[in-house]
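A.B. asks: What follows is start36.tsv, TSV, N, CA and C atoms and all ligand atoms.
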chain	number	residue	atom	x	y	z
A	1	MET	N	-27.48	13.18	-11.09
A	1	MET	CA	-27.23	12.49	-9.82
A	1	MET	C	-26.49	11.18	-10.07
A	2	ASP	N	-25.28	11.27	-10.50
A	2	ASP	CA	-24.52	10.06	-10.79
A	2	ASP	C	-23.54	9.81	-9.65
A	3	ARG	N	-24.07	9.36	-8.55
A	3	ARG	CA	-23.26	9.23	-7.34
A	3	ARG	C	-22.18	8.15	-7.45
A	4	GLU	N	-22.33	7.26	-8.37
A	4	GLU	CA	-21.35	6.18	-8.44
A	4	GLU	C	-19.98	6.69	-8.87
A	5	HIS	N	-19.96	7.89	-9.43
A	5	HIS	CA	-18.68	8.43	-9.87
A	5	HIS	C	-18.08	9.42	-8.88
A	6	VAL	N	-18.73	9.56	-7.75
A	6	VAL	CA	-18.20	10.44	-6.72
A	6	VAL	C	-17.06	9.71	-5.98
A	7	THR	N	-15.90	10.34	-6.01
A	7	THR	CA	-14.76	9.73	-5.33
A	7	THR	C	-14.67	10.24	-3.90
A	8	ILE	N	-14.78	9.34	-2.98
A	8	ILE	CA	-14.74	9.72	-1.58
A	8	ILE	C	-13.31	9.68	-1.04
A	9	ALA	N	-12.59	8.65	-1.43
A	9	ALA	CA	-11.27	8.41	-0.84
A	9	ALA	C	-10.19	9.31	-1.43
A	10	GLY	N	-10.44	9.92	-2.58
A	10	GLY	CA	-9.43	10.75	-3.20
A	10	GLY	C	-8.41	9.88	-3.92
A	11	PRO	N	-7.24	10.47	-4.21
A	11	PRO	CA	-6.20	9.72	-4.93
A	11	PRO	C	-5.84	8.43	-4.18
A	12	VAL	N	-5.73	7.36	-4.90
A	12	VAL	CA	-5.37	6.10	-4.26
A	12	VAL	C	-3.87	6.07	-4.03
A	13	ARG	N	-3.49	6.66	-2.94
A	13	ARG	CA	-2.07	6.76	-2.63
A	13	ARG	C	-1.69	5.87	-1.46
A	14	PHE	N	-2.61	5.72	-0.53
A	14	PHE	CA	-2.31	4.95	0.67
A	14	PHE	C	-2.92	3.56	0.59
A	15	GLU	N	-2.28	2.65	1.25
A	15	GLU	CA	-2.85	1.32	1.35
A	15	GLU	C	-3.88	1.29	2.45
A	16	GLY	N	-3.93	2.34	3.23
A	16	GLY	CA	-4.92	2.41	4.29
A	16	GLY	C	-4.32	2.81	5.61
A	17	SER	N	-5.18	3.10	6.53
A	17	SER	CA	-4.71	3.46	7.86
A	17	SER	C	-4.03	2.28	8.52
A	18	TYR	N	-3.07	2.61	9.27
A	18	TYR	CA	-2.33	1.59	9.99
A	18	TYR	C	-3.15	1.11	11.20
A	19	LEU	N	-3.70	2.07	11.94
A	19	LEU	CA	-4.64	1.78	13.02
A	19	LEU	C	-4.16	0.72	14.00
A	20	GLY	N	-2.88	0.71	14.23
A	20	GLY	CA	-2.36	-0.16	15.27
A	20	GLY	C	-2.19	-1.62	14.87
A	21	ASP	N	-2.52	-1.94	13.63
A	21	ASP	CA	-2.40	-3.34	13.21
A	21	ASP	C	-0.99	-3.61	12.69
A	22	ARG	N	-0.07	-3.77	13.58
A	22	ARG	CA	1.34	-3.91	13.20
A	22	ARG	C	1.63	-5.22	12.47
A	23	ALA	N	0.75	-6.18	12.61
A	23	ALA	CA	0.99	-7.49	11.99
A	23	ALA	C	1.01	-7.38	10.47
A	24	LYS	N	0.38	-6.32	9.95
A	24	LYS	CA	0.29	-6.18	8.50
A	24	LYS	C	1.45	-5.38	7.92
A	25	LEU	N	2.30	-4.86	8.79
A	25	LEU	CA	3.37	-4.01	8.32
A	25	LEU	C	4.67	-4.79	8.09
A	26	GLY	N	5.32	-4.46	6.97
A	26	GLY	CA	6.62	-5.06	6.71
A	26	GLY	C	7.71	-4.34	7.46
A	27	ALA	N	8.87	-4.96	7.53
A	27	ALA	CA	9.98	-4.40	8.30
A	27	ALA	C	10.49	-3.08	7.73
A	28	SER	N	10.30	-2.89	6.43
A	28	SER	CA	10.79	-1.66	5.79
A	28	SER	C	9.66	-0.73	5.37
A	29	ALA	N	8.47	-0.99	5.86
A	29	ALA	CA	7.32	-0.17	5.50
A	29	ALA	C	7.53	1.27	5.96
A	30	ARG	N	7.17	2.21	5.09
A	30	ARG	CA	7.21	3.63	5.45
A	30	ARG	C	5.80	4.08	5.76
A	31	LEU	N	5.67	4.90	6.77
A	31	LEU	CA	4.35	5.40	7.13
A	31	LEU	C	4.35	6.92	7.22
A	32	GLU	N	3.22	7.49	6.90
A	32	GLU	CA	3.10	8.95	6.88
A	32	GLU	C	2.05	9.41	7.88
A	33	CYS	N	2.41	10.42	8.63
A	33	CYS	CA	1.47	10.99	9.58
A	33	CYS	C	0.32	11.64	8.81
A	34	LYS	N	-0.90	11.26	9.15
A	34	LYS	CA	-2.01	11.81	8.37
A	34	LYS	C	-2.41	13.20	8.86
A	35	ILE	N	-1.76	13.65	9.90
A	35	ILE	CA	-2.04	15.00	10.39
A	35	ILE	C	-1.09	16.02	9.77
A	36	CYS	N	0.20	15.72	9.79
A	36	CYS	CA	1.17	16.71	9.30
A	36	CYS	C	2.00	16.19	8.13
A	37	TRP	N	1.76	14.97	7.69
A	37	TRP	CA	2.43	14.39	6.52
A	37	TRP	C	3.90	14.04	6.76
A	38	TRP	N	4.31	14.04	7.99
A	38	TRP	CA	5.68	13.63	8.28
A	38	TRP	C	5.80	12.13	7.99
A	39	VAL	N	6.92	11.74	7.39
A	39	VAL	CA	7.09	10.34	7.00
A	39	VAL	C	8.13	9.64	7.88
A	40	TYR	N	7.75	8.49	8.40
A	40	TYR	CA	8.73	7.67	9.12
A	40	TYR	C	9.34	6.68	8.14
A	41	ASP	N	10.66	6.78	7.97
A	41	ASP	CA	11.39	5.87	7.09
A	41	ASP	C	12.32	5.02	7.95
A	42	PRO	N	12.09	3.71	7.99
A	42	PRO	CA	12.91	2.84	8.84
A	42	PRO	C	14.40	2.97	8.54
A	43	ALA	N	14.73	3.30	7.30
A	43	ALA	CA	16.14	3.43	6.92
A	43	ALA	C	16.80	4.62	7.60
A	44	GLU	N	16.00	5.58	8.01
A	44	GLU	CA	16.55	6.79	8.62
A	44	GLU	C	16.32	6.85	10.13
A	45	GLY	N	15.33	6.13	10.60
A	45	GLY	CA	15.02	6.20	12.02
A	45	GLY	C	14.43	7.57	12.37
A	46	ASP	N	14.59	7.98	13.59
A	46	ASP	CA	14.00	9.25	14.03
A	46	ASP	C	14.87	9.87	15.12
A	47	GLU	N	15.52	10.96	14.76
A	47	GLU	CA	16.43	11.61	15.71
A	47	GLU	C	15.70	12.17	16.93
A	48	THR	N	14.48	12.64	16.71
A	48	THR	CA	13.73	13.25	17.81
A	48	THR	C	13.54	12.29	18.97
A	49	TRP	N	13.21	11.06	18.64
A	49	TRP	CA	12.98	10.05	19.68
A	49	TRP	C	14.19	9.14	19.85
A	50	GLN	N	15.28	9.51	19.19
A	50	GLN	CA	16.50	8.72	19.24
A	50	GLN	C	16.27	7.28	18.81
A	51	ILE	N	15.55	7.15	17.69
A	51	ILE	CA	15.32	5.84	17.10
A	51	ILE	C	16.43	5.58	16.09
A	52	ALA	N	17.15	4.50	16.25
A	52	ALA	CA	18.28	4.20	15.38
A	52	ALA	C	17.82	3.85	13.97
A	53	PRO	N	18.61	4.28	12.97
A	53	PRO	CA	18.31	3.87	11.59
A	53	PRO	C	18.21	2.35	11.49
A	54	GLY	N	17.25	1.87	10.72
A	54	GLY	CA	17.06	0.44	10.59
A	54	GLY	C	15.97	-0.10	11.50
A	55	THR	N	15.36	0.78	12.28
A	55	THR	CA	14.28	0.36	13.18
A	55	THR	C	12.94	0.35	12.44
A	56	ALA	N	12.32	-0.81	12.38
A	56	ALA	CA	11.02	-0.92	11.72
A	56	ALA	C	9.96	-0.16	12.50
A	57	PHE	N	8.93	0.29	11.78
A	57	PHE	CA	7.83	0.99	12.46
A	57	PHE	C	7.22	0.09	13.52
A	58	THR	N	7.19	-1.19	13.23
A	58	THR	CA	6.62	-2.15	14.18
A	58	THR	C	7.45	-2.28	15.44
A	59	ALA	N	8.71	-1.84	15.36
A	59	ALA	CA	9.61	-1.98	16.50
A	59	ALA	C	9.72	-0.69	17.31
A	60	LEU	N	8.98	0.33	16.91
A	60	LEU	CA	9.03	1.58	17.65
A	60	LEU	C	8.44	1.39	19.05
A	61	PRO	N	8.99	2.09	20.03
A	61	PRO	CA	8.47	1.96	21.39
A	61	PRO	C	7.04	2.47	21.50
A	62	ALA	N	6.32	1.99	22.48
A	62	ALA	CA	4.91	2.32	22.65
A	62	ALA	C	4.68	3.82	22.86
A	63	TYR	N	5.71	4.48	23.43
A	63	TYR	CA	5.53	5.91	23.71
A	63	TYR	C	5.81	6.78	22.50
A	64	TRP	N	6.25	6.15	21.41
A	64	TRP	CA	6.61	6.93	20.23
A	64	TRP	C	5.40	7.63	19.63
A	65	ARG	N	5.61	8.90	19.27
A	65	ARG	CA	4.56	9.68	18.63
A	65	ARG	C	5.18	10.46	17.48
A	66	CYS	N	4.36	11.05	16.65
A	66	CYS	CA	4.90	11.85	15.55
A	66	CYS	C	5.79	12.95	16.11
A	67	PRO	N	7.05	12.99	15.68
A	67	PRO	CA	7.99	13.97	16.21
A	67	PRO	C	7.66	15.40	15.78
A	68	GLN	N	6.80	15.54	14.81
A	68	GLN	CA	6.50	16.87	14.29
A	68	GLN	C	5.22	17.47	14.87
A	69	CYS	N	4.19	16.62	15.05
A	69	CYS	CA	2.92	17.16	15.52
A	69	CYS	C	2.42	16.45	16.78
A	70	ASP	N	3.19	15.48	17.28
A	70	ASP	CA	2.82	14.74	18.48
A	70	ASP	C	1.58	13.87	18.26
A	71	GLY	N	1.31	13.56	17.01
A	71	GLY	CA	0.17	12.70	16.71
A	71	GLY	C	0.43	11.26	17.14
A	72	ASP	N	-0.64	10.53	17.38
A	72	ASP	CA	-0.51	9.15	17.82
A	72	ASP	C	-0.01	8.27	16.68
A	73	ALA	N	0.82	7.27	17.01
A	73	ALA	CA	1.36	6.38	15.98
A	73	ALA	C	0.26	5.62	15.25
A	74	ASP	N	-0.85	5.40	15.93
A	74	ASP	CA	-1.95	4.69	15.29
A	74	ASP	C	-2.59	5.47	14.15
A	75	GLN	N	-2.30	6.75	14.10
A	75	GLN	CA	-2.89	7.59	13.07
A	75	GLN	C	-2.03	7.67	11.81
A	76	PHE	N	-0.96	6.92	11.80
A	76	PHE	CA	-0.10	6.94	10.62
A	76	PHE	C	-0.71	6.11	9.50
A	77	MET	N	-0.44	6.56	8.27
A	77	MET	CA	-0.94	5.87	7.10
A	77	MET	C	0.21	5.14	6.41
A	78	VAL	N	-0.08	3.97	5.87
A	78	VAL	CA	0.95	3.20	5.18
A	78	VAL	C	1.24	3.81	3.81
A	79	LEU	N	2.50	4.17	3.58
A	79	LEU	CA	2.90	4.69	2.28
A	79	LEU	C	3.25	3.55	1.35
A	80	ASP	N	4.19	2.75	1.75
A	80	ASP	CA	4.52	1.55	0.99
A	80	ASP	C	4.91	0.45	1.96
A	81	ASN	N	4.27	-0.66	1.80
A	81	ASN	CA	4.43	-1.74	2.78
A	81	ASN	C	5.55	-2.69	2.34
A	82	VAL	N	6.76	-2.17	2.30
A	82	VAL	CA	7.91	-2.97	1.87
A	82	VAL	C	8.17	-4.09	2.88
A	83	GLY	N	8.23	-5.30	2.38
A	83	GLY	CA	8.52	-6.43	3.25
A	83	GLY	C	7.27	-6.98	3.92
A	84	GLY	N	6.11	-6.39	3.61
A	84	GLY	CA	4.86	-6.85	4.21
A	84	GLY	C	4.26	-8.01	3.43
A	85	PRO	N	3.14	-8.49	3.89
A	85	PRO	CA	2.47	-9.62	3.23
A	85	PRO	C	1.88	-9.24	1.89
B	1	ZN	ZN	2.47	14.41	12.52
Represent the supplied structure as structure tokens.
Ligand SMILES: [Zn+2]

C.D. replies:
Amino acid sequence: MDREHVTIAGPVRFEGSYLGDRAKLGASARLECKICWWVYDPAEGDETWQIAPGTAFTALPAYWRCPQCDGDADQFMVLDNVGGP
């Protein structure tokens, strides 16, 4: 019963859920949908929602959702917080 070695979080790949806290996100931060793994890259924008390349995740409109699974933006996970604190 060595519970201290049980890994709950799995591979340390994410900095954590975004959960709507845009203040912590950098302008070039990439985020990944935790439902379907679709990645939002500010350098590419999002054709589905007609988001222009160069648009930060923090600058996405309130109605924006995952273009692949329609998941809520708050459910995105931070991949790399480029330009963040
Ligand atoms: Zn998704």

A.B. asks: Let me have all residues with an atom within 5 Å of ligand ZN 1 (chain B), counting all atoms listed in the file, laid out as a count of residues only.

C.D. replies: 10

A.B. asks: Return the single residue from A:Ala29, A:Pro67, A:Pro42, A:Asp72 that is closest to Gly54 (chain A), with distances computed using only C-alpha atoms.

C.D. replies: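 With only C-alpha atoms as the atom set, the closest residue is A:Pro42.
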
A.B. asks: Rounded to one decimal, what separation in Å do you get between atom C of Ala23 (chain A) and CA of Met77 (chain A)?

C.D. replies: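 Calculated distance between atom C of Ala23 (chain A) and CA of Met77 (chain A) is 13.8 Å.
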
A.B. asks: So how far away is CA of Arg65 (chain A) from atom C of Lys34 (chain A), in Å?

C.D. replies: 12.5 Å

A.B. asks: May I ask for the distance between atom C of Pro85 (chain A) and atom N of Ile51 (chain A), given in Å to one decimal place?

C.D. replies: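 According to the coordinates, atom C of Pro85 (chain A) and atom N of Ile51 (chain A) are separated by 26.6 Å.
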
A.B. asks: Using only C-alpha atoms, list the residues that have an atom at most 12 Å from (9.0, 2.2, 8.9), coordinates as in the file, as a ChimeraX atom specification.

C.D. replies: /A:18,22,25-33,38-46,51-60,73,76-84
